[in-house]
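These notes are about the structure you will find just below.
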There are 2 protein chains.
Amino acid sequence: MTNGSRIAVDAMGGDEGLAVMLAGVARARRRFEEMRFILVGDEAAIVEGLKNHPNLSAASEIVHAPEVVGSSEKPSQAIRRAKKTSMGIAIDMVKQGRASACVSSGNTGALMAMAKLSLRMMPGIDRPALAAMMPTLGENDVVVLDLGANAECDARNLVQFAVMGAAYARTTLELESPRVALLNIGSEDQKGTDEIRDAAATLRAAKHLPMTFKGFIEGDRLSRGDVDVIVCDGFSGNIALKTAEGTARFVADLLRRAFTSSIRSKIGFLISRPATQLLRDHLDPNNHNGAVFLGLNGLVLKSHGSANEIGVATAIAAAAKMVRDDLTRRIAEDLGNFEAKAA
Amino acid sequence: MTNGSRIAVDAMGGDEGLAVMLAGVARARRRFEEMRFILVGDEAAIVEGLKNHPNLSAASEIVHAPEVVGSSEKPSQAIRRAKKTSMGIAIDMVKQGRASACVSSGNTGALMAMAKLSLRMMPGIDRPALAAMMPTLGENDVVVLDLGANAECDARNLVQFAVMGAAYARTTLELESPRVALLNIGSEDQKGTDEIRDAAATLRAAKHLPMTFKGFIEGDRLSRGDVDVIVCDGFSGNIALKTAEGTARFVADLLRRAFTSSIRSKIGFLISRPATQLLRDHLDPNNHNGAVFLGLNGLVLKSHGSANEIGVATAIAAAAKMVRDDLTRRIAEDLGNFEAKAA
C-alpha cells in the first residue's frame, strides 16, 4: 500500500453492526501497519467503539454522518439523501481525493447508485460491474463479473467487463495474459443468447489485448481453475455465485450430518478435524470477501452484509491491495488501449 | 407402473455406449418386474449386448434404427433424418402409442426438437421445459425448470412452467399444494427482470391453482428445502444446476485433498468412511438422473450423457413412475384449469 493513502470505511453499513466493522478494520490494521483510515458514521458511537481498539484509533480519523442507508431501502430513495449518509460520505472521501478507496458492507444497489453518481464512469464504460474472487482447485482464485450490478447486459457491456476483468486479474493475480471466458449454457459456438455470441466474436477478434480468450465456460467448470476471469451478465453471475455459496454450505451441512450420524463417524471426524478445518477455511466466504465495482473513477468495494470480523478485514485488505496496485489507473490504460485499437 | 405399458429406450444415445445403456435398463428391470421395453438402435449390436442380460431380453422387443444422432450435432440437422435415428424412432414409439414414455441419453437439443415436432405441445403451452429434481436438506427433492430448453423466456413462459412444475411436484412428490418460487437475484418485489416481475404478479393473483406461490428465491437457497418447485428461464436454470453440480464436486475434491493430506486425516477418513459414503451417494448425480420435458403430449426423458449404469436405471425408474402417475394427463388437467379460470 502506498504510504499515506487512506481507506474510507462506511462504519454503519452491514447486518452485524458497528462493533464488527471496527473489529474487522482493527484486524486489518494489525496486519498492515502503514494503513490509515477514515471511519464514517455516528461520531459518538465510533468514539465509544474505538475505546476497544486503541491501535486502530491511532491510525484513524472520524467523519460524522447523521444518517444510515437501510439494507432494503430502494437505491432511488437512498441516493436523494446520499450526502447525509455514512455510505455517501465515505464515497465522497474518494471523490475528494481524501481517501484512495472506500469499503461498505451496506445495501449493494444504493452503493452502486451513489458511487456511479459521485465518481462517474471511466471513459468508454457504460456501466460498472461488480467483480469478486471465487476459490478454485487451481493455483489462483478466479475473477467473476458482473455479480448483480446489471441484471441484463448487451454484447458491448460484456466485452467491457472482459477487458476490465482481465485488467483486474493482471494486477491482483499478477498474470500477464489472463485466460478469459464467457459463462454460457454450452461450449459450442452456437450456444447461448445473441449477446453472448456477439461478445465472443468481438473478443475472439481482439488479439491485441493482454488476455487469452478461451470461449465459453459452463457452470460446472467455474471452480476447476481452467480460466482466470469469467464474464457474465449480473443476473447469471449472481445466480452462479449464490448457487456456489449455497451448494458449498449444503455439502458442509450434509457432511456434518454424516459425521454425527454414528459414534464411529464422530470419532473419525475428531481425528481428521485439522484437515476438515483447512477445508472449512478455504470455503468460508469471509476469506473471499470484498467485491469491487470496476469501471468507476475510483475504488469502491462491497463487503458482504453478513461478513464477520474476519470478512471485514479481508475486504479492507483487498482494498489496500487494489490501492497499492493502482488498479483504477491500470484498468483505464487497458480500456484506452482496447478502444484505440478497435477504432 | 400400469401393467403392460412399455418404455422406449434410445439404446444408442449417451457418451458411455450401448453396453452401459443396456446394463442400466436391465438394472431397472430387476427392480420393476412388470416393466416392458422397446430397445431402439442397431439391431445386431443390441442382440449381441442382450446376451449378457437374459432377464432384460425376455422383457424387451428390439426396433432397428440404422442411424445415431451425434452428441454435438446441430438439432436442425439431426431433425431432418429423425425417422432413421434411434432417438427419433424411440420418440415415435410414444407418438404411435406403442410406448408410454421414451428415455434417451443423447443430444439434448436434438431430443427436444424431435420430441416437439413429433408429439407437439399441449394446448396452451408455447414451449416445453426441461425439469429435474435437485437434492435438498429438506424432506423431498426440489423440482427445477427450465434447465436449458429455452435460453430466454417471457413472463407467459415462466407462468406456464410454474403450473407444469407444480403439477409435476403434485404427482411425483405427492404434495397437495407445492410451494413454488421464481429464481431471482433478490427477494424484494422490485428485483430482477421485467419478465420475472410480471410472472410473479400473475402467479400471485392465480389463487385458484393447486400451488402456494412463495415469491422469489435466490441461488443460495436452492438446496434448503424451503420450496418444492423453482422456476426460471433455461439460461439461469442451466447455470444454477451446473454450478451446483460443479460446486458439489469441487467441495468433494477439496475434501479428498484434505483427507489425504496427512496420515492422521487418512485414518480419520477410513473410520468415518461409511458416513461419507452415504453423503457421496446422496450427491451422486446418477442418483438424481432423469430430466423430463414438460408440456409435450407424451413423456420424453433426458438421461445425462455421462450417466453410468446406475444413472440410466434411475432415469428409467423415473420414467416408469411418471407413467404410473399419469403425469401427462395431470399436467394437462392443471393447465386446463389454469386457463379456464384465467379466461
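Please note that chains go A, B, ... in the order of the C-alpha cells, that every chain numbers its residues from 1, and that ligands are numbered from 1 in the order shown.
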Considering only C-alpha atoms, tabulate each residue of chain A that lies at most 6 Å from chain B along with its nearest interatomic pair and the corresponding distance in Å to one decimal; arrange the rows by chain and ascending residue number and present them as JSON lines.
{"residue": "A:Gly219", "atom": "CA", "partner": "B:Thr243", "partner_atom": "CA", "distance": 4.3}
{"residue": "A:Asp220", "atom": "CA", "partner": "B:Gly246", "partner_atom": "CA", "distance": 3.9}
{"residue": "A:Ser236", "atom": "CA", "partner": "B:Ser236", "partner_atom": "CA", "distance": 5.9}
{"residue": "A:Ile239", "atom": "CA", "partner": "B:Gly219", "partner_atom": "CA", "distance": 5.0}
{"residue": "A:Ala240", "atom": "CA", "partner": "B:Ala240", "partner_atom": "CA", "distance": 5.8}
{"residue": "A:Lys242", "atom": "CA", "partner": "B:Asp220", "partner_atom": "CA", "distance": 4.5}
{"residue": "A:Thr243", "atom": "CA", "partner": "B:Gly219", "partner_atom": "CA", "distance": 4.3}
{"residue": "A:Ala244", "atom": "CA", "partner": "B:Thr247", "partner_atom": "CA", "distance": 5.7}
{"residue": "A:Glu245", "atom": "CA", "partner": "B:Asp220", "partner_atom": "CA", "distance": 5.9}
{"residue": "A:Gly246", "atom": "CA", "partner": "B:Asp220", "partner_atom": "CA", "distance": 3.9}
{"residue": "A:Thr247", "atom": "CA", "partner": "B:Ala244", "partner_atom": "CA", "distance": 5.7}
{"residue": "A:Ala258", "atom": "CA", "partner": "B:Ala275", "partner_atom": "CA", "distance": 4.9}
{"residue": "A:Ser265", "atom": "CA", "partner": "B:Ser272", "partner_atom": "CA", "distance": 4.1}
{"residue": "A:Gly268", "atom": "CA", "partner": "B:Gly268", "partner_atom": "CA", "distance": 4.0}
{"residue": "A:Ile271", "atom": "CA", "partner": "B:Gly268", "partner_atom": "CA", "distance": 4.9}
{"residue": "A:Ser272", "atom": "CA", "partner": "B:Ser265", "partner_atom": "CA", "distance": 4.1}
{"residue": "A:Ala275", "atom": "CA", "partner": "B:Ala258", "partner_atom": "CA", "distance": 4.9}
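Using only C-alpha atoms, the protein and nucleic acid residues lying no more than 7 Å from Val227 of chain B, apart from those fewer than 6 places from it along its own chain, are Val142, Arg179, Val180 and Ala181 of chain B.
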Selected residues written out, N, CA, C and O atoms, as a PDB file, in the first residue's frame:
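Everything below was put into part_29.pdb:
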ATOM      1  N   VAL B 142     -36.212 -30.986  -4.834  1.00  0.00           N
ATOM      2  CA  VAL B 142     -36.924 -29.842  -5.397  1.00  0.00           C
ATOM      3  C   VAL B 142     -36.935 -29.971  -6.918  1.00  0.00           C
ATOM      4  O   VAL B 142     -35.947 -30.398  -7.521  1.00  0.00           O
ATOM      5  N   ARG B 179     -45.037 -25.700  -2.907  1.00  0.00           N
ATOM      6  CA  ARG B 179     -44.547 -24.332  -2.764  1.00  0.00           C
ATOM      7  C   ARG B 179     -43.671 -24.002  -3.972  1.00  0.00           C
ATOM      8  O   ARG B 179     -42.678 -24.679  -4.233  1.00  0.00           O
ATOM      9  N   VAL B 180     -44.080 -22.959  -4.696  1.00  0.00           N
ATOM     10  CA  VAL B 180     -43.427 -22.602  -5.954  1.00  0.00           C
ATOM     11  C   VAL B 180     -42.746 -21.244  -5.811  1.00  0.00           C
ATOM     12  O   VAL B 180     -43.334 -20.316  -5.251  1.00  0.00           O
ATOM     13  N   ALA B 181     -41.519 -21.121  -6.289  1.00  0.00           N
ATOM     14  CA  ALA B 181     -40.830 -19.827  -6.267  1.00  0.00           C
ATOM     15  C   ALA B 181     -40.134 -19.570  -7.598  1.00  0.00           C
ATOM     16  O   ALA B 181     -39.802 -20.502  -8.335  1.00  0.00           O
TER      17      ALA B 181
END
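Counting only C-alpha atoms, Arg30 of chain B has the following residues at most 9 Å away, ignoring those fewer than 4 positions along the same chain: Val25, Ala26, Asn55 and Leu56 of chain B.
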Legend entry - Selected residue, from A:Gly124, A:Gly225, A:Pro178, A:Gly215, that lies nearest to Leu296 of chain A when counting only C-alpha atoms: A:Gly124
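Going from atom CA of Ala101 of chain A to atom CA of Ala313 of chain A covers 14.4 Å.
For segment 115-118 of chain B, the set of protein, DNA and RNA residues having any atom at most 7 Å away, when counting only C-alpha atoms and skipping those fewer than 3 positions along the same chain, is B:Ile91, B:Asp92, B:Lys95, B:Leu111, B:Met112, B:Met121, B:Leu296.
Excluding Ala291 of chain A itself and any same-chain residue fewer than 4 positions from it, the protein and nucleic acid residues within 6 Å of it, counting only C-alpha atoms, are Ala131, Ala132, Leu301 and Lys302 of chain A.
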Legend entry - strand (DSSP E) residues, from DSSP on the backbone, in segment 58-279 of chain A, as an NGL selection string: :A and (60-64 or 101-104 or 129-134 or 142-145 or 179-183 or 212-217 or 229-231)
Go ahead and save the picked residues with N, CA and C atoms, as a short mmCIF file (atom, residue, chain, number, x, y, z; two decimals), in the first residue's frame.
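selection31.cif, freshly written:
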data_model
loop_
_atom_site.label_atom_id
_atom_site.label_comp_id
_atom_site.auth_asym_id
_atom_site.auth_seq_id
_atom_site.Cartn_x
_atom_site.Cartn_y
_atom_site.Cartn_z
N SER A 60 -6.68 6.39 12.72
CA SER A 60 -7.96 6.75 12.10
C SER A 60 -8.36 8.20 12.36
N GLU A 61 -9.10 8.75 11.42
CA GLU A 61 -9.85 9.96 11.73
C GLU A 61 -11.33 9.62 11.56
N ILE A 62 -12.17 10.38 12.24
CA ILE A 62 -13.61 10.09 12.19
C ILE A 62 -14.29 11.20 11.43
N VAL A 63 -15.19 10.84 10.52
CA VAL A 63 -16.02 11.83 9.84
C VAL A 63 -17.47 11.51 10.20
N HIS A 64 -18.15 12.47 10.76
CA HIS A 64 -19.52 12.22 11.22
C HIS A 64 -20.51 12.16 10.06
N ALA A 101 -9.65 4.63 -1.44
CA ALA A 101 -10.67 3.61 -1.68
C ALA A 101 -11.72 3.73 -0.59
N CYS A 102 -12.87 3.13 -0.85
CA CYS A 102 -13.97 3.16 0.11
C CYS A 102 -14.52 1.74 0.23
N VAL A 103 -14.85 1.32 1.46
CA VAL A 103 -15.40 -0.02 1.70
C VAL A 103 -16.71 0.12 2.47
N SER A 104 -17.76 -0.58 1.99
CA SER A 104 -19.03 -0.58 2.71
C SER A 104 -19.63 -1.98 2.72
N ALA A 129 -19.29 -2.82 -13.20
CA ALA A 129 -19.53 -4.25 -12.97
C ALA A 129 -18.99 -4.62 -11.60
N LEU A 130 -19.73 -5.46 -10.91
CA LEU A 130 -19.30 -5.92 -9.59
C LEU A 130 -18.48 -7.20 -9.77
N ALA A 131 -17.22 -7.16 -9.35
CA ALA A 131 -16.32 -8.29 -9.56
C ALA A 131 -15.84 -8.84 -8.22
N ALA A 132 -15.74 -10.16 -8.14
CA ALA A 132 -15.21 -10.78 -6.93
C ALA A 132 -14.40 -12.01 -7.29
N MET A 133 -13.69 -12.52 -6.31
CA MET A 133 -12.89 -13.73 -6.49
C MET A 133 -13.65 -14.93 -5.97
N MET A 134 -13.59 -16.01 -6.70
CA MET A 134 -14.14 -17.29 -6.22
C MET A 134 -13.01 -18.30 -6.10
N VAL A 142 -10.52 -17.28 -9.13
CA VAL A 142 -10.98 -16.80 -10.43
C VAL A 142 -11.79 -15.52 -10.21
N VAL A 143 -11.59 -14.53 -11.08
CA VAL A 143 -12.36 -13.29 -11.05
C VAL A 143 -13.69 -13.53 -11.76
N VAL A 144 -14.80 -13.21 -11.12
CA VAL A 144 -16.11 -13.36 -11.76
C VAL A 144 -16.80 -12.00 -11.78
N LEU A 145 -17.31 -11.60 -12.94
CA LEU A 145 -18.08 -10.36 -13.06
C LEU A 145 -19.04 -10.45 -14.22
N ARG A 179 -6.55 -15.83 -18.69
CA ARG A 179 -7.48 -16.59 -19.53
C ARG A 179 -8.90 -16.15 -19.21
N VAL A 180 -9.61 -15.66 -20.22
CA VAL A 180 -10.94 -15.08 -20.03
C VAL A 180 -11.98 -15.94 -20.74
N ALA A 181 -13.10 -16.23 -20.07
CA ALA A 181 -14.18 -16.98 -20.72
C ALA A 181 -15.52 -16.35 -20.41
N LEU A 182 -16.48 -16.56 -21.30
CA LEU A 182 -17.85 -16.11 -21.10
C LEU A 182 -18.67 -17.26 -20.54
N LEU A 183 -19.44 -16.98 -19.49
CA LEU A 183 -20.31 -18.01 -18.91
C LEU A 183 -21.45 -18.30 -19.89
N THR A 212 -6.08 -13.91 -22.88
CA THR A 212 -6.25 -15.04 -23.77
C THR A 212 -7.72 -15.44 -23.71
N PHE A 213 -8.45 -15.22 -24.81
CA PHE A 213 -9.87 -15.53 -24.79
C PHE A 213 -10.09 -17.03 -25.00
N LYS A 214 -10.78 -17.65 -24.05
CA LYS A 214 -10.95 -19.10 -24.08
C LYS A 214 -12.35 -19.53 -24.48
N GLY A 215 -13.17 -18.62 -25.02
CA GLY A 215 -14.51 -19.02 -25.46
C GLY A 215 -15.49 -19.12 -24.31
N PHE A 216 -16.33 -20.16 -24.35
CA PHE A 216 -17.39 -20.30 -23.35
C PHE A 216 -17.01 -21.27 -22.23
N ILE A 217 -17.56 -21.00 -21.07
CA ILE A 217 -17.37 -21.92 -19.94
C ILE A 217 -18.75 -22.21 -19.36
N VAL A 229 -10.65 -15.44 -15.52
CA VAL A 229 -11.73 -14.44 -15.49
C VAL A 229 -12.97 -15.04 -16.14
N ILE A 230 -14.11 -14.94 -15.45
CA ILE A 230 -15.38 -15.42 -16.01
C ILE A 230 -16.31 -14.23 -16.12
N VAL A 231 -16.81 -14.00 -17.34
CA VAL A 231 -17.64 -12.82 -17.63
C VAL A 231 -19.08 -13.25 -17.87
#
Inset, instruction - Would you kindly return, as JSON, numbers by chain, each protein, DNA or RNA residue with an atom no farther than 8 Å from any atom of Lys321 of chain B, considering only C-alpha atoms and excluding same-chain residues fewer than 3 positions away? - result: {"B": [1, 172, 317, 318, 324, 325]}
Legend entry - Å distance separating atom CA of Gly311 of chain B from atom CA of Cys232 of chain B, one decimal place: 25.0 Å
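Across A:Asp126, A:Asp15, A:Asp198, A:Glu43, the tightest approach to Ser306 of chain A is made by A:Asp15 when counting only C-alpha atoms.
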Legend entry - Test item, alpha helix (DSSP H) assignment across segment 102-198 of chain B, answer as a ChimeraX atom specification: /B:108-119,155-172,194-198
File of the preceding selection, C-alpha atoms, as a PDB file, in the first residue's frame:
ATOM      1  CA  THR B 108     -30.478 -32.658 -25.543  1.00  0.00           C
ATOM      2  CA  GLY B 109     -31.188 -30.070 -28.235  1.00  0.00           C
ATOM      3  CA  ALA B 110     -31.953 -32.740 -30.841  1.00  0.00           C
ATOM      4  CA  LEU B 111     -34.138 -34.648 -28.367  1.00  0.00           C
ATOM      5  CA  MET B 112     -36.204 -31.540 -27.652  1.00  0.00           C
ATOM      6  CA  ALA B 113     -36.526 -30.571 -31.314  1.00  0.00           C
ATOM      7  CA  MET B 114     -37.597 -34.072 -32.357  1.00  0.00           C
ATOM      8  CA  ALA B 115     -39.968 -34.517 -29.415  1.00  0.00           C
ATOM      9  CA  LYS B 116     -41.619 -31.159 -30.077  1.00  0.00           C
ATOM     10  CA  LEU B 117     -42.097 -31.874 -33.771  1.00  0.00           C
ATOM     11  CA  SER B 118     -43.358 -35.406 -33.244  1.00  0.00           C
ATOM     12  CA  LEU B 119     -45.505 -35.125 -30.106  1.00  0.00           C
ATOM     13  CA  ALA B 155     -43.431 -13.919 -18.361  1.00  0.00           C
ATOM     14  CA  ARG B 156     -46.050 -16.148 -20.037  1.00  0.00           C
ATOM     15  CA  ASN B 157     -43.492 -18.971 -20.457  1.00  0.00           C
ATOM     16  CA  LEU B 158     -42.453 -18.688 -16.799  1.00  0.00           C
ATOM     17  CA  VAL B 159     -46.071 -18.859 -15.615  1.00  0.00           C
ATOM     18  CA  GLN B 160     -46.669 -21.963 -17.744  1.00  0.00           C
ATOM     19  CA  PHE B 161     -43.511 -23.537 -16.324  1.00  0.00           C
ATOM     20  CA  ALA B 162     -44.789 -22.822 -12.809  1.00  0.00           C
ATOM     21  CA  VAL B 163     -48.119 -24.539 -13.491  1.00  0.00           C
ATOM     22  CA  MET B 164     -46.411 -27.543 -15.102  1.00  0.00           C
ATOM     23  CA  GLY B 165     -43.741 -27.761 -12.400  1.00  0.00           C
ATOM     24  CA  ALA B 166     -46.412 -27.689  -9.691  1.00  0.00           C
ATOM     25  CA  ALA B 167     -48.335 -30.483 -11.425  1.00  0.00           C
ATOM     26  CA  TYR B 168     -45.104 -32.471 -11.630  1.00  0.00           C
ATOM     27  CA  ALA B 169     -44.433 -31.933  -7.911  1.00  0.00           C
ATOM     28  CA  ARG B 170     -48.023 -32.853  -7.042  1.00  0.00           C
ATOM     29  CA  THR B 171     -47.753 -36.196  -8.814  1.00  0.00           C
ATOM     30  CA  THR B 172     -44.115 -37.154  -8.272  1.00  0.00           C
ATOM     31  CA  ASP B 194     -39.490  -7.342 -16.159  1.00  0.00           C
ATOM     32  CA  GLU B 195     -40.279 -10.918 -17.219  1.00  0.00           C
ATOM     33  CA  ILE B 196     -39.773 -12.255 -13.698  1.00  0.00           C
ATOM     34  CA  ARG B 197     -41.712  -9.460 -12.009  1.00  0.00           C
ATOM     35  CA  ASP B 198     -44.619  -9.874 -14.444  1.00  0.00           C
TER      36      ASP B 198
END
Legend entry - Å distance separating atom CA of Glu33 of chain B from atom CA of Met21 of chain B, one decimal place: 18.0 Å
